[in-house]
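Engineer: Structure file model-v9.cif (mmCIF, C-alpha atoms) right here:
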```
data_run
loop_
_atom_site.label_atom_id
_atom_site.label_comp_id
_atom_site.auth_asym_id
_atom_site.auth_seq_id
_atom_site.Cartn_x
_atom_site.Cartn_y
_atom_site.Cartn_z
CA MET A 2 -23.37 21.31 46.92
CA THR A 3 -21.81 21.15 43.47
CA GLN A 4 -18.14 20.33 42.99
CA GLU A 5 -17.59 23.80 41.56
CA ALA A 6 -19.15 25.48 44.61
CA ALA A 7 -17.15 23.28 46.98
CA ALA A 8 -13.92 24.01 45.11
CA GLN A 9 -14.56 27.75 45.53
CA GLN A 10 -14.87 27.25 49.29
CA VAL A 11 -11.47 25.53 49.60
CA ARG A 12 -9.01 27.96 51.13
CA ALA A 13 -5.24 27.68 51.25
CA PRO A 14 -3.26 28.08 54.47
CA PHE A 15 -1.99 31.62 55.12
CA VAL A 16 -0.08 33.68 57.68
CA LEU A 17 -1.07 36.92 59.41
CA ARG A 18 1.37 39.21 61.19
CA GLY A 19 0.57 41.32 64.22
CA ARG A 20 1.78 42.99 67.38
CA THR A 21 2.39 40.98 70.54
CA VAL A 22 0.21 41.70 73.55
CA VAL A 23 1.13 38.56 75.53
CA PRO A 24 3.98 36.35 74.25
CA GLY A 25 3.68 32.60 73.90
CA VAL A 26 2.79 29.89 71.42
CA VAL A 27 -0.40 27.86 71.27
CA GLU A 28 -2.20 25.73 68.69
CA GLY A 29 -5.93 25.21 68.52
CA GLU A 30 -9.26 25.80 66.88
CA ALA A 31 -10.45 29.33 66.12
CA LEU A 32 -13.69 30.71 67.49
CA VAL A 33 -14.53 33.89 65.58
CA SER A 34 -16.86 36.61 66.78
CA HIS A 35 -17.73 39.43 64.41
CA GLU A 36 -19.05 41.42 67.37
CA THR A 37 -17.21 42.85 70.36
CA ILE A 38 -17.57 40.85 73.56
CA SER A 39 -18.75 42.14 76.91
CA GLY A 40 -16.94 40.64 79.90
CA TRP A 41 -19.15 41.79 82.73
CA GLY A 42 -22.58 40.32 82.04
CA GLY A 43 -21.55 39.02 78.61
CA ILE A 44 -19.73 35.86 79.62
CA ASP A 45 -20.23 33.18 82.24
CA PRO A 46 -16.76 32.70 83.72
CA ALA A 47 -17.77 29.43 85.37
CA THR A 48 -18.45 27.78 82.00
CA GLY A 49 -16.53 29.93 79.51
CA THR A 50 -19.78 30.60 77.66
CA ILE A 51 -20.95 33.80 75.99
CA ILE A 52 -24.25 34.68 77.65
CA GLU A 53 -24.97 38.11 76.15
CA ARG A 54 -28.48 37.59 74.80
CA ARG A 55 -28.17 39.40 71.48
CA HIS A 56 -24.60 38.30 70.73
CA GLU A 57 -24.06 36.18 67.61
CA LEU A 58 -22.26 33.56 69.75
CA HIS A 59 -24.84 33.45 72.54
CA GLY A 60 -24.54 30.04 74.22
CA VAL A 61 -21.18 29.19 72.60
CA CYS A 62 -18.26 28.12 74.81
CA PHE A 63 -14.79 29.58 74.17
CA THR A 64 -12.96 27.27 76.60
CA GLY A 65 -9.93 25.70 74.93
CA LYS A 66 -10.35 27.76 71.73
CA ILE A 67 -8.39 30.67 70.29
CA LEU A 68 -10.81 33.58 70.52
CA VAL A 69 -10.75 35.89 67.48
CA PHE A 70 -12.81 39.04 68.02
CA PRO A 71 -12.92 42.78 67.28
CA GLY A 72 -12.32 43.79 70.89
CA ALA A 73 -13.86 44.39 74.29
CA LYS A 74 -16.93 46.39 75.16
CA GLY A 75 -18.43 47.46 78.42
CA SER A 76 -16.94 48.38 81.74
CA SER A 77 -13.47 48.08 83.15
CA GLY A 78 -14.61 44.84 84.83
CA TRP A 79 -14.01 43.09 81.47
CA SER A 80 -10.52 41.96 82.37
CA GLY A 81 -11.61 40.69 85.79
CA PHE A 82 -14.15 38.38 84.23
CA PHE A 83 -11.56 36.95 81.85
CA GLN A 84 -9.10 36.52 84.74
CA THR A 85 -11.80 34.51 86.49
CA THR A 86 -12.00 32.19 83.46
CA ARG A 87 -8.29 31.52 83.89
CA LEU A 88 -8.71 30.78 87.59
CA LEU A 89 -11.64 28.44 86.89
CA GLY A 90 -9.98 26.69 83.93
CA THR A 91 -12.56 27.92 81.40
CA ALA A 92 -10.44 30.51 79.53
CA PRO A 93 -9.69 30.59 75.84
CA ILE A 94 -6.17 29.32 75.09
CA GLY A 95 -5.31 32.39 73.00
CA MET A 96 -6.72 35.72 71.87
CA ILE A 97 -6.54 37.68 68.64
CA PHE A 98 -8.30 41.04 68.55
CA THR A 99 -8.44 43.91 66.09
CA VAL A 100 -9.02 46.96 68.30
CA THR A 101 -6.52 47.51 71.08
CA THR A 102 -8.13 48.93 74.19
CA THR A 103 -6.95 48.83 77.77
CA LYS A 104 -9.80 46.38 78.51
CA ALA A 105 -8.80 43.89 75.82
CA ALA A 106 -5.06 44.19 76.45
CA LEU A 107 -5.40 43.87 80.22
CA GLY A 108 -7.85 40.99 79.74
CA ALA A 109 -5.27 39.11 77.69
CA VAL A 110 -2.54 39.85 80.24
CA VAL A 111 -4.52 38.65 83.28
CA THR A 112 -5.83 35.63 81.36
CA ARG A 113 -2.16 34.79 80.65
CA VAL A 114 -2.76 33.48 77.15
CA PRO A 115 -0.80 34.28 73.99
CA ALA A 116 -2.41 37.31 72.36
CA LEU A 117 -1.95 39.42 69.22
CA THR A 118 -3.45 42.64 67.93
CA ASP A 119 -2.91 45.14 65.09
CA LEU A 120 -2.65 42.43 62.42
CA ASP A 121 -1.72 43.17 58.81
CA GLN A 122 -5.18 42.01 57.71
CA ASP A 123 -8.48 41.93 59.60
CA PRO A 124 -8.40 38.59 61.45
CA VAL A 125 -12.18 38.61 61.93
CA ALA A 126 -12.63 38.76 58.15
CA MET A 127 -9.82 36.34 57.28
CA ILE A 128 -10.16 33.61 59.93
CA ARG A 129 -13.23 31.39 60.23
CA THR A 130 -14.54 29.42 63.17
CA GLY A 131 -13.07 25.93 62.91
CA ASP A 132 -9.82 27.00 61.25
CA ARG A 133 -6.73 25.48 62.88
CA LEU A 134 -4.42 28.18 64.23
CA CYS A 135 -0.84 28.19 65.35
CA LEU A 136 -0.65 31.44 67.30
CA ASP A 137 2.97 32.40 67.84
CA ALA A 138 2.45 35.63 69.71
CA THR A 139 6.14 35.82 70.60
CA ALA A 140 7.03 36.16 66.91
CA GLY A 141 3.83 38.07 66.07
CA LEU A 142 2.52 35.39 63.68
CA VAL A 143 -0.69 33.45 63.17
CA HIS A 144 -0.51 30.43 60.87
CA VAL A 145 -4.03 29.68 59.65
CA THR A 146 -4.94 26.26 58.24
CA PRO A 147 -8.52 25.92 57.02
CA PRO A 148 -10.14 22.55 57.68
CA PRO A 149 -9.96 20.05 54.81
CA VAL A 150 -12.97 19.68 52.54
CA SER A 151 -14.47 16.23 52.88
CA TYR A 152 -15.60 14.07 49.98
CA THR A 153 -19.24 14.43 51.08
CA GLN A 154 -18.93 18.20 50.74
CA LEU A 155 -17.83 17.74 47.14
CA THR A 156 -20.77 15.50 46.18
#
```
Take the structure in the file and give it back as structure tokens.
Structural biologist:
Amino acid sequence: MTQEAAAQQVRAPFVLRGRTVVPGVVEGEALVSHETISGWGGIDPATGTIIERRHELHGVCFTGKILVFPGAKGSSGWSGFFQTTRLLGTAPIGMIFTVTTTKAALGAVVTRVPALTDLDQDPVAMIRTGDRLCLDATAGLVHVTPPPVSYTQLT
């Protein structure tokens, strides 16, 4: 990668504002899905892994990450599967979603993790997997810090 190309990839920290679904504050790594997530049949609650075969994150674990996604799809069992991840200790530590549905909102509530929706910019487009997030759902803020560019990326 050229230095010019690497310099164009460097992003500055920024803040997004949204509406609280579940209050609380958490810091962690973002896991971004550009596709909606199915709870029933789409995740393995025992491992916190997305198992939906055609999903872009098939085989990826969300445990201990802040899950950034467009919203929920599928049946009303969605929230029950995410509650099971909480009970088994495999849940994401926070949620940020763009489309508010009863499934996604109830899923965040029963998972008991800080959650935001209705952000001032599309979080799926703005946040990247690996970004460091400080999700202050009580205040309705997400502080996004992109990872630093290493010297090897510049050479």
Engineer: Quick one: residues within 9 Å of Phe15 (chain A), all atoms listed in the file, excluding same-chain residues fewer than 6 positions away - as a PyMOL selection string?
Structural biologist: chain A and resi 143-147
Engineer: With all atoms listed in the file as the counted atoms, please give the residues lying no more than 7 Å from region 42-47 of chain A, apart from itself and same-chain residues fewer than 6 positions off, as a JSON list (two decimals) with C-alpha atoms, in the coordinates of the input.
Structural biologist:
```
[["chain", "number", "residue", "atom", "x", "y", "z"],
["A", 53, "GLU", "CA", -24.97, 38.11, 76.15],
["A", 82, "PHE", "CA", -14.15, 38.38, 84.23],
["A", 83, "PHE", "CA", -11.56, 36.95, 81.85],
["A", 85, "THR", "CA", -11.80, 34.51, 86.49],
["A", 86, "THR", "CA", -12.00, 32.19, 83.46],
["A", 89, "LEU", "CA", -11.64, 28.44, 86.89],
["A", 91, "THR", "CA", -12.56, 27.92, 81.40]]
```
Engineer: Skipping near chain neighbours, those fewer than 6 positions away, what residues fall within 12 Å of Val100 (chain A) using all atoms listed in the file, listed as a tab-separated table (two decimals) with C-alpha atoms, keeping the file's coordinate frame?
Structural biologist:
```
chain	number	residue	atom	x	y	z
A	19	GLY	CA	0.57	41.32	64.22
A	20	ARG	CA	1.78	42.99	67.38
A	22	VAL	CA	0.21	41.70	73.55
A	36	GLU	CA	-19.05	41.42	67.37
A	37	THR	CA	-17.21	42.85	70.36
A	38	ILE	CA	-17.57	40.85	73.56
A	69	VAL	CA	-10.75	35.89	67.48
A	70	PHE	CA	-12.81	39.04	68.02
A	71	PRO	CA	-12.92	42.78	67.28
A	72	GLY	CA	-12.32	43.79	70.89
A	73	ALA	CA	-13.86	44.39	74.29
A	74	LYS	CA	-16.93	46.39	75.16
A	106	ALA	CA	-5.06	44.19	76.45
A	117	LEU	CA	-1.95	39.42	69.22
A	118	THR	CA	-3.45	42.64	67.93
A	119	ASP	CA	-2.91	45.14	65.09
A	120	LEU	CA	-2.65	42.43	62.42
A	123	ASP	CA	-8.48	41.93	59.60
A	124	PRO	CA	-8.40	38.59	61.45
A	125	VAL	CA	-12.18	38.61	61.93
```
Engineer: Calculate how many Å separate CA of Val61 (chain A) from CA of Met96 (chain A), rounding to one decimal.
Structural biologist: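 Spanning CA of Val61 (chain A) to CA of Met96 (chain A) is a straight-line distance of 15.9 Å.
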Engineer: Go through A:Gly90, A:Phe63, A:Thr130, A:Ala105 and flag the residue nearest Ala31 (chain A), using only C-alpha atoms for the distances.
Structural biologist: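 Residue with the minimum atom-to-atom distance to Ala31 (chain A): A:Thr130.
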Engineer: Can you put all heavy atoms back into region 53-64 of chain A and show it as a compact mmCIF listing (two decimals), keeping the file's coordinate frame?
Structural biologist:
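Done, and the output landed in out-v8.txt:
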```
# COMPACT_ATOMS: atom_id res chain seq x y z
N GLU A 53 -24.31 36.87 76.60
CA GLU A 53 -24.97 38.11 76.15
C GLU A 53 -26.09 37.74 75.19
O GLU A 53 -25.84 37.14 74.14
CB GLU A 53 -23.93 39.00 75.48
CG GLU A 53 -24.44 40.35 75.10
CD GLU A 53 -23.35 41.22 74.49
OE1 GLU A 53 -22.15 40.91 74.62
OE2 GLU A 53 -23.72 42.22 73.85
N ARG A 54 -27.30 38.07 75.52
CA ARG A 54 -28.48 37.59 74.80
C ARG A 54 -28.49 37.89 73.31
O ARG A 54 -28.91 37.05 72.53
CB ARG A 54 -29.75 38.14 75.43
CG ARG A 54 -30.00 37.58 76.81
CD ARG A 54 -31.40 37.92 77.29
NE ARG A 54 -31.57 37.57 78.68
CZ ARG A 54 -31.94 36.37 79.10
NH1 ARG A 54 -32.15 35.41 78.25
NH2 ARG A 54 -32.09 36.14 80.39
N ARG A 55 -28.08 39.03 72.91
CA ARG A 55 -28.17 39.40 71.48
C ARG A 55 -26.86 39.17 70.73
O ARG A 55 -26.75 39.53 69.57
CB ARG A 55 -28.61 40.85 71.35
CG ARG A 55 -30.04 41.03 71.82
CD ARG A 55 -30.59 42.37 71.42
NE ARG A 55 -31.98 42.45 71.80
CZ ARG A 55 -32.50 43.37 72.56
NH1 ARG A 55 -31.73 44.33 73.04
NH2 ARG A 55 -33.78 43.37 72.85
N HIS A 56 -25.90 38.55 71.37
CA HIS A 56 -24.60 38.30 70.73
C HIS A 56 -24.72 37.14 69.75
O HIS A 56 -25.42 36.17 70.01
CB HIS A 56 -23.54 38.00 71.78
CG HIS A 56 -22.15 38.12 71.26
ND1 HIS A 56 -21.53 37.12 70.53
CD2 HIS A 56 -21.26 39.13 71.35
CE1 HIS A 56 -20.32 37.52 70.21
NE2 HIS A 56 -20.13 38.74 70.69
N GLU A 57 -24.02 37.23 68.62
CA GLU A 57 -24.06 36.18 67.61
C GLU A 57 -23.60 34.82 68.15
O GLU A 57 -23.98 33.78 67.62
CB GLU A 57 -23.20 36.55 66.39
CG GLU A 57 -21.71 36.62 66.71
CD GLU A 57 -20.83 36.93 65.53
OE1 GLU A 57 -20.91 36.22 64.51
OE2 GLU A 57 -20.06 37.91 65.63
N LEU A 58 -22.76 34.81 69.18
CA LEU A 58 -22.26 33.56 69.75
C LEU A 58 -22.94 33.21 71.08
O LEU A 58 -22.38 32.45 71.87
CB LEU A 58 -20.73 33.63 69.94
CG LEU A 58 -19.90 33.76 68.67
CD1 LEU A 58 -18.41 33.83 69.01
CD2 LEU A 58 -20.18 32.64 67.70
N HIS A 59 -24.11 33.74 71.31
CA HIS A 59 -24.84 33.45 72.54
C HIS A 59 -24.93 31.94 72.73
O HIS A 59 -25.33 31.20 71.83
CB HIS A 59 -26.24 34.05 72.51
CG HIS A 59 -27.04 33.73 73.74
ND1 HIS A 59 -27.93 32.69 73.79
CD2 HIS A 59 -27.05 34.31 74.96
CE1 HIS A 59 -28.47 32.64 74.99
NE2 HIS A 59 -27.96 33.62 75.72
N GLY A 60 -24.50 31.46 73.91
CA GLY A 60 -24.54 30.04 74.22
C GLY A 60 -23.34 29.25 73.77
O GLY A 60 -23.25 28.05 74.03
N VAL A 61 -22.37 29.89 73.10
CA VAL A 61 -21.18 29.19 72.60
C VAL A 61 -20.05 29.30 73.64
O VAL A 61 -19.81 30.36 74.21
CB VAL A 61 -20.73 29.78 71.25
CG1 VAL A 61 -19.44 29.12 70.77
CG2 VAL A 61 -21.83 29.63 70.21
N CYS A 62 -19.36 28.19 73.85
CA CYS A 62 -18.26 28.12 74.81
C CYS A 62 -16.93 28.41 74.12
O CYS A 62 -16.64 27.87 73.05
CB CYS A 62 -18.24 26.73 75.43
SG CYS A 62 -16.95 26.50 76.66
N PHE A 63 -16.11 29.26 74.73
CA PHE A 63 -14.79 29.58 74.17
C PHE A 63 -13.66 28.83 74.87
O PHE A 63 -12.50 28.95 74.50
CB PHE A 63 -14.51 31.08 74.19
CG PHE A 63 -14.69 31.75 75.53
CD1 PHE A 63 -13.85 31.49 76.60
CD2 PHE A 63 -15.72 32.65 75.72
CE1 PHE A 63 -14.02 32.11 77.82
CE2 PHE A 63 -15.90 33.28 76.94
CZ PHE A 63 -15.05 33.01 77.99
N THR A 64 -13.97 28.02 75.87
CA THR A 64 -12.96 27.27 76.60
C THR A 64 -12.14 26.40 75.64
O THR A 64 -12.69 25.67 74.84
CB THR A 64 -13.61 26.37 77.67
OG1 THR A 64 -14.38 27.18 78.56
CG2 THR A 64 -12.56 25.60 78.46
```
